[in-house]
Amino acid sequence: MSEREIDEILKELKQHAESEHEPAKSEPAPALQQTAKTEEEPKEVITEEVIPEPVEEKEPQPQPQPEPTPERAAEPEKTAETPEPEAEPEEDSVDLFTLTGDDDDKKSENLTEPTEIKEEPYEAQYDDEQSAAPKRNKVLVMILSILLLVGIIACVYLGIMAFKGGADFEKGEQQTQAVTAVQTAVNPLTGEDDFSSDAVGKRPVAVVAENEYGVDAVRPQWGLNYADIVLEGETEFSTRLLLFFADYSKIPAQVGPARSARPPFIRFSEFFDSIFIHAGLSHSKGDYEGADTVFENDRVDHINLLNYPDDGKYTGRDSSRTTITEHTCYYNGKNTKELLKEAKIVTDIEKSKFTALPFNKKAQPLSDTEAKSVKFRLSINSRPEAS
């Protein structure tokens, strides 16, 4: 409100008060006190001076007229406010209080104070709503992340368990096969199931034996029926045998007559990673490649019985059939384990060097025609045929 409007209102109030000629001012104290609370300290002093005079004069009059009380109280307020041009907002607040009364004061207080109180929670609520959305999103993301992580962990766990179960199954199957193999160990050279479990994975032993055609005293060979494989190969004037023993613990005490090594026999023994035992060897000369060269180049583990005394421990002489020296040497197979240990030879099979032979589980005929004889020719220096 402007100053002119305020002056006109005050004048009307003053004229109205003079026309009534009723100076009674019952209960002015509360209104003045309320207005004084909103003003500065000097205004309160002016109102306090005006309040006591009308209260003492008109206490017995019961007429409650709150309107005239602020009229005269407004005059000193005007005088007090005129020298202060900057206090226009305070004048507006005072005039409004004087016009509206106590009830209006309460309403104004309710309008001013609660508006501030309401604004704060509204802003807070608005902020909470803005912040609640990302919070909810974060919570959802966290929940989904946890579920995804749990799913991944479960899948990994199940995969590990499945792999472990498969590995355990394979391991158990291998163990079962191993147990079966131990119980029914198969001879790797014959396919027979009467093989000792202690010999499984051990290298065979190959021994060179005499088979001179012109000397009947060399036959039958000692230990021939104990051999798992018998190989016959030609030499300079006849043939010789190579006896293979898959289980060297079962070699008999006398094998032979033992003879010298030749390159073809050495190379054949390498098919089974065999330990080669012989009595003498051929030497390279000119274009001829002897057994000594093959042993060195192929790095074949071998034992020359001529390097040991013929006292019978590893080798000996049997002159019961002939006195010719080269036909009397034999090998004592009972001490093979000790001999290999003394020679520092590894007895475990190297699988990459061992040729596994396939065998039928059941005997099957090779053809519908029954074979009654076998004919073969070794060379012009040997017998033309054998049957």
# chains A, B, ... in the order shown; residues from 1 in each chain; ligands from 1
$ select_by_dssp --residues "region 184-238 of chain A" --states "helix (DSSP H, G or I)" --output "PyMOL selection string"
chain A and resi 197-199+216-218+224-226
$ residues_around --residues "Leu357 (chain A)" --least-positions-apart "6" --cutoff "10 Å" --atoms "only C-alpha atoms" --output "list in words"
Pro188, Leu189, Thr190, Gly191 and Phe272 of chain A
$ write_last_selection --atoms "N, CA and C atoms" --output "JSON list (two decimals), in the first residue's frame"
[["chain", "number", "residue", "atom", "x", "y", "z"],
["A", 188, "PRO", "N", 52.95, -108.85, -23.78],
["A", 188, "PRO", "CA", 52.98, -107.95, -24.95],
["A", 188, "PRO", "C", 53.57, -108.60, -26.20],
["A", 189, "LEU", "N", 54.24, -109.75, -26.07],
["A", 189, "LEU", "CA", 54.83, -110.40, -27.23],
["A", 189, "LEU", "C", 54.00, -111.57, -27.75],
["A", 190, "THR", "N", 53.13, -112.13, -26.91],
["A", 190, "THR", "CA", 52.33, -113.28, -27.34],
["A", 190, "THR", "C", 50.83, -113.04, -27.26],
["A", 191, "GLY", "N", 50.38, -112.07, -26.45],
["A", 191, "GLY", "CA", 48.96, -111.83, -26.26],
["A", 191, "GLY", "C", 48.33, -112.77, -25.26],
["A", 272, "PHE", "N", 61.18, -103.71, -30.15],
["A", 272, "PHE", "CA", 60.56, -103.95, -28.85],
["A", 272, "PHE", "C", 61.36, -103.34, -27.70]]
$ residues_around --residues "Glu342 (chain A)" --least-positions-apart "4" --cutoff "12 Å" --atoms "only C-alpha atoms" --output "PyMOL selection string"
chain A and resi 303+308+314+335-338+346
$ write_last_selection --atoms "N, CA, C and O atoms" --output "compact mmCIF listing (two decimals), in the first residue's frame"
# COMPACT_ATOMS: atom_id res chain seq x y z
N ILE A 303 74.75 -106.36 -23.67
CA ILE A 303 75.69 -107.00 -22.74
C ILE A 303 76.43 -108.09 -23.52
O ILE A 303 75.81 -109.01 -24.07
N TYR A 308 82.55 -111.19 -19.29
CA TYR A 308 82.34 -111.71 -17.92
C TYR A 308 83.00 -113.10 -17.81
O TYR A 308 83.10 -113.85 -18.80
N TYR A 314 76.85 -115.52 -14.63
CA TYR A 314 76.12 -114.90 -15.73
C TYR A 314 76.27 -115.70 -17.02
O TYR A 314 75.38 -115.69 -17.87
N ASN A 335 69.99 -115.03 -13.23
CA ASN A 335 70.60 -113.85 -12.61
C ASN A 335 70.49 -112.60 -13.50
O ASN A 335 71.31 -111.69 -13.39
N THR A 336 69.48 -112.58 -14.36
CA THR A 336 69.33 -111.45 -15.28
C THR A 336 69.09 -110.14 -14.53
O THR A 336 69.70 -109.10 -14.87
N LYS A 337 68.25 -110.16 -13.52
CA LYS A 337 67.96 -108.93 -12.78
C LYS A 337 69.22 -108.34 -12.16
O LYS A 337 69.48 -107.12 -12.24
N GLU A 338 70.04 -109.20 -11.57
CA GLU A 338 71.28 -108.73 -10.95
C GLU A 338 72.27 -108.24 -12.00
O GLU A 338 72.98 -107.24 -11.79
N VAL A 346 68.61 -99.39 -17.70
CA VAL A 346 67.23 -99.07 -17.35
C VAL A 346 66.33 -100.18 -17.88
O VAL A 346 66.42 -100.58 -19.05
$ residues_around --residues "Asn211 (chain A)" --least-positions-apart "6" --cutoff "9 Å" --atoms "only C-alpha atoms" --output "PyMOL selection string"
chain A and resi 218-221+232+238-241+257
$ write_last_selection --atoms "all heavy atoms" --output "PDB file, in the first residue's frame"
ATOM      1  N   VAL A 218      74.609-128.478 -31.671  1.00  0.00           N
ATOM      2  CA  VAL A 218      74.038-127.189 -31.222  1.00  0.00           C
ATOM      3  C   VAL A 218      72.520-127.277 -31.022  1.00  0.00           C
ATOM      4  O   VAL A 218      71.908-126.334 -30.506  1.00  0.00           O
ATOM      5  CB  VAL A 218      74.357-126.073 -32.234  1.00  0.00           C
ATOM      6  CG1 VAL A 218      75.870-125.937 -32.414  1.00  0.00           C
ATOM      7  CG2 VAL A 218      73.691-126.320 -33.576  1.00  0.00           C
ATOM      8  N   ARG A 219      71.966-128.407 -31.434  1.00  0.00           N
ATOM      9  CA  ARG A 219      70.521-128.570 -31.333  1.00  0.00           C
ATOM     10  C   ARG A 219      70.229-129.771 -30.450  1.00  0.00           C
ATOM     11  O   ARG A 219      70.985-130.777 -30.530  1.00  0.00           O
ATOM     12  CB  ARG A 219      69.885-128.736 -32.709  1.00  0.00           C
ATOM     13  CG  ARG A 219      69.821-127.427 -33.504  1.00  0.00           C
ATOM     14  CD  ARG A 219      69.170-127.678 -34.866  1.00  0.00           C
ATOM     15  NE  ARG A 219      69.995-128.571 -35.676  1.00  0.00           N
ATOM     16  CZ  ARG A 219      71.001-128.158 -36.448  1.00  0.00           C
ATOM     17  NH1 ARG A 219      71.277-126.875 -36.557  1.00  0.00           N
ATOM     18  NH2 ARG A 219      71.723-129.036 -37.147  1.00  0.00           N
ATOM     19  N   PRO A 220      69.113-129.703 -29.719  1.00  0.00           N
ATOM     20  CA  PRO A 220      68.174-128.572 -29.543  1.00  0.00           C
ATOM     21  C   PRO A 220      68.797-127.455 -28.698  1.00  0.00           C
ATOM     22  O   PRO A 220      69.616-127.728 -27.818  1.00  0.00           O
ATOM     23  CB  PRO A 220      66.987-129.204 -28.842  1.00  0.00           C
ATOM     24  CG  PRO A 220      67.553-130.332 -28.056  1.00  0.00           C
ATOM     25  CD  PRO A 220      68.725-130.877 -28.862  1.00  0.00           C
ATOM     26  N   GLN A 221      68.432-126.237 -28.991  1.00  0.00           N
ATOM     27  CA  GLN A 221      68.970-125.086 -28.271  1.00  0.00           C
ATOM     28  C   GLN A 221      68.440-125.086 -26.824  1.00  0.00           C
ATOM     29  O   GLN A 221      67.306-125.467 -26.574  1.00  0.00           O
ATOM     30  CB  GLN A 221      68.595-123.778 -28.980  1.00  0.00           C
ATOM     31  CG  GLN A 221      69.328-123.559 -30.289  1.00  0.00           C
ATOM     32  CD  GLN A 221      68.652-124.259 -31.466  1.00  0.00           C
ATOM     33  OE1 GLN A 221      67.671-124.985 -31.307  1.00  0.00           O
ATOM     34  NE2 GLN A 221      69.196-124.095 -32.652  1.00  0.00           N
ATOM     35  N   GLU A 232      64.526-116.225 -36.562  1.00  0.00           N
ATOM     36  CA  GLU A 232      65.634-116.884 -37.260  1.00  0.00           C
ATOM     37  C   GLU A 232      66.096-115.994 -38.398  1.00  0.00           C
ATOM     38  O   GLU A 232      65.281-115.540 -39.220  1.00  0.00           O
ATOM     39  CB  GLU A 232      65.217-118.251 -37.799  1.00  0.00           C
ATOM     40  CG  GLU A 232      66.364-118.994 -38.480  1.00  0.00           C
ATOM     41  CD  GLU A 232      65.969-120.364 -38.989  1.00  0.00           C
ATOM     42  OE1 GLU A 232      64.762-120.704 -38.917  1.00  0.00           O
ATOM     43  OE2 GLU A 232      66.843-121.101 -39.497  1.00  0.00           O
ATOM     44  N   SER A 238      75.176-119.786 -42.322  1.00  0.00           N
ATOM     45  CA  SER A 238      74.026-120.532 -41.820  1.00  0.00           C
ATOM     46  C   SER A 238      72.991-119.538 -41.285  1.00  0.00           C
ATOM     47  O   SER A 238      72.896-118.407 -41.778  1.00  0.00           O
ATOM     48  CB  SER A 238      74.484-121.522 -40.740  1.00  0.00           C
ATOM     49  OG  SER A 238      73.399-122.299 -40.326  1.00  0.00           O
ATOM     50  N   THR A 239      72.288-119.950 -40.219  1.00  0.00           N
ATOM     51  CA  THR A 239      71.318-119.043 -39.569  1.00  0.00           C
ATOM     52  C   THR A 239      71.582-119.017 -38.069  1.00  0.00           C
ATOM     53  O   THR A 239      72.213-119.912 -37.511  1.00  0.00           O
ATOM     54  CB  THR A 239      69.873-119.493 -39.814  1.00  0.00           C
ATOM     55  OG1 THR A 239      69.658-120.768 -39.206  1.00  0.00           O
ATOM     56  CG2 THR A 239      69.555-119.544 -41.304  1.00  0.00           C
ATOM     57  N   ARG A 240      71.033-117.984 -37.468  1.00  0.00           N
ATOM     58  CA  ARG A 240      71.072-117.878 -36.007  1.00  0.00           C
ATOM     59  C   ARG A 240      69.679-117.476 -35.515  1.00  0.00           C
ATOM     60  O   ARG A 240      68.867-116.959 -36.274  1.00  0.00           O
ATOM     61  CB  ARG A 240      72.129-116.863 -35.545  1.00  0.00           C
ATOM     62  CG  ARG A 240      73.524-117.365 -35.763  1.00  0.00           C
ATOM     63  CD  ARG A 240      74.596-116.415 -35.292  1.00  0.00           C
ATOM     64  NE  ARG A 240      75.903-116.986 -35.610  1.00  0.00           N
ATOM     65  CZ  ARG A 240      77.053-116.352 -35.422  1.00  0.00           C
ATOM     66  NH1 ARG A 240      77.055-115.111 -34.908  1.00  0.00           N
ATOM     67  NH2 ARG A 240      78.193-116.948 -35.734  1.00  0.00           N
ATOM     68  N   LEU A 241      69.478-117.707 -34.243  1.00  0.00           N
ATOM     69  CA  LEU A 241      68.185-117.414 -33.636  1.00  0.00           C
ATOM     70  C   LEU A 241      68.324-116.240 -32.661  1.00  0.00           C
ATOM     71  O   LEU A 241      69.370-116.075 -32.024  1.00  0.00           O
ATOM     72  CB  LEU A 241      67.660-118.652 -32.891  1.00  0.00           C
ATOM     73  CG  LEU A 241      67.561-119.959 -33.677  1.00  0.00           C
ATOM     74  CD1 LEU A 241      67.062-121.080 -32.753  1.00  0.00           C
ATOM     75  CD2 LEU A 241      66.672-119.806 -34.894  1.00  0.00           C
ATOM     76  N   PRO A 257      73.210-122.531 -27.359  1.00  0.00           N
ATOM     77  CA  PRO A 257      74.505-121.892 -27.232  1.00  0.00           C
ATOM     78  C   PRO A 257      74.489-120.417 -27.673  1.00  0.00           C
ATOM     79  O   PRO A 257      73.963-120.091 -28.720  1.00  0.00           O
ATOM     80  CB  PRO A 257      75.416-122.708 -28.146  1.00  0.00           C
ATOM     81  CG  PRO A 257      74.693-124.018 -28.347  1.00  0.00           C
ATOM     82  CD  PRO A 257      73.251-123.701 -28.297  1.00  0.00           C
TER      83      PRO A 257
END
$ closest_residue --among "A:Glu270, A:Asp368, A:Asp311, A:Asp292" --to "Lys351 (chain A)" --atoms "only C-alpha atoms"
A:Glu270
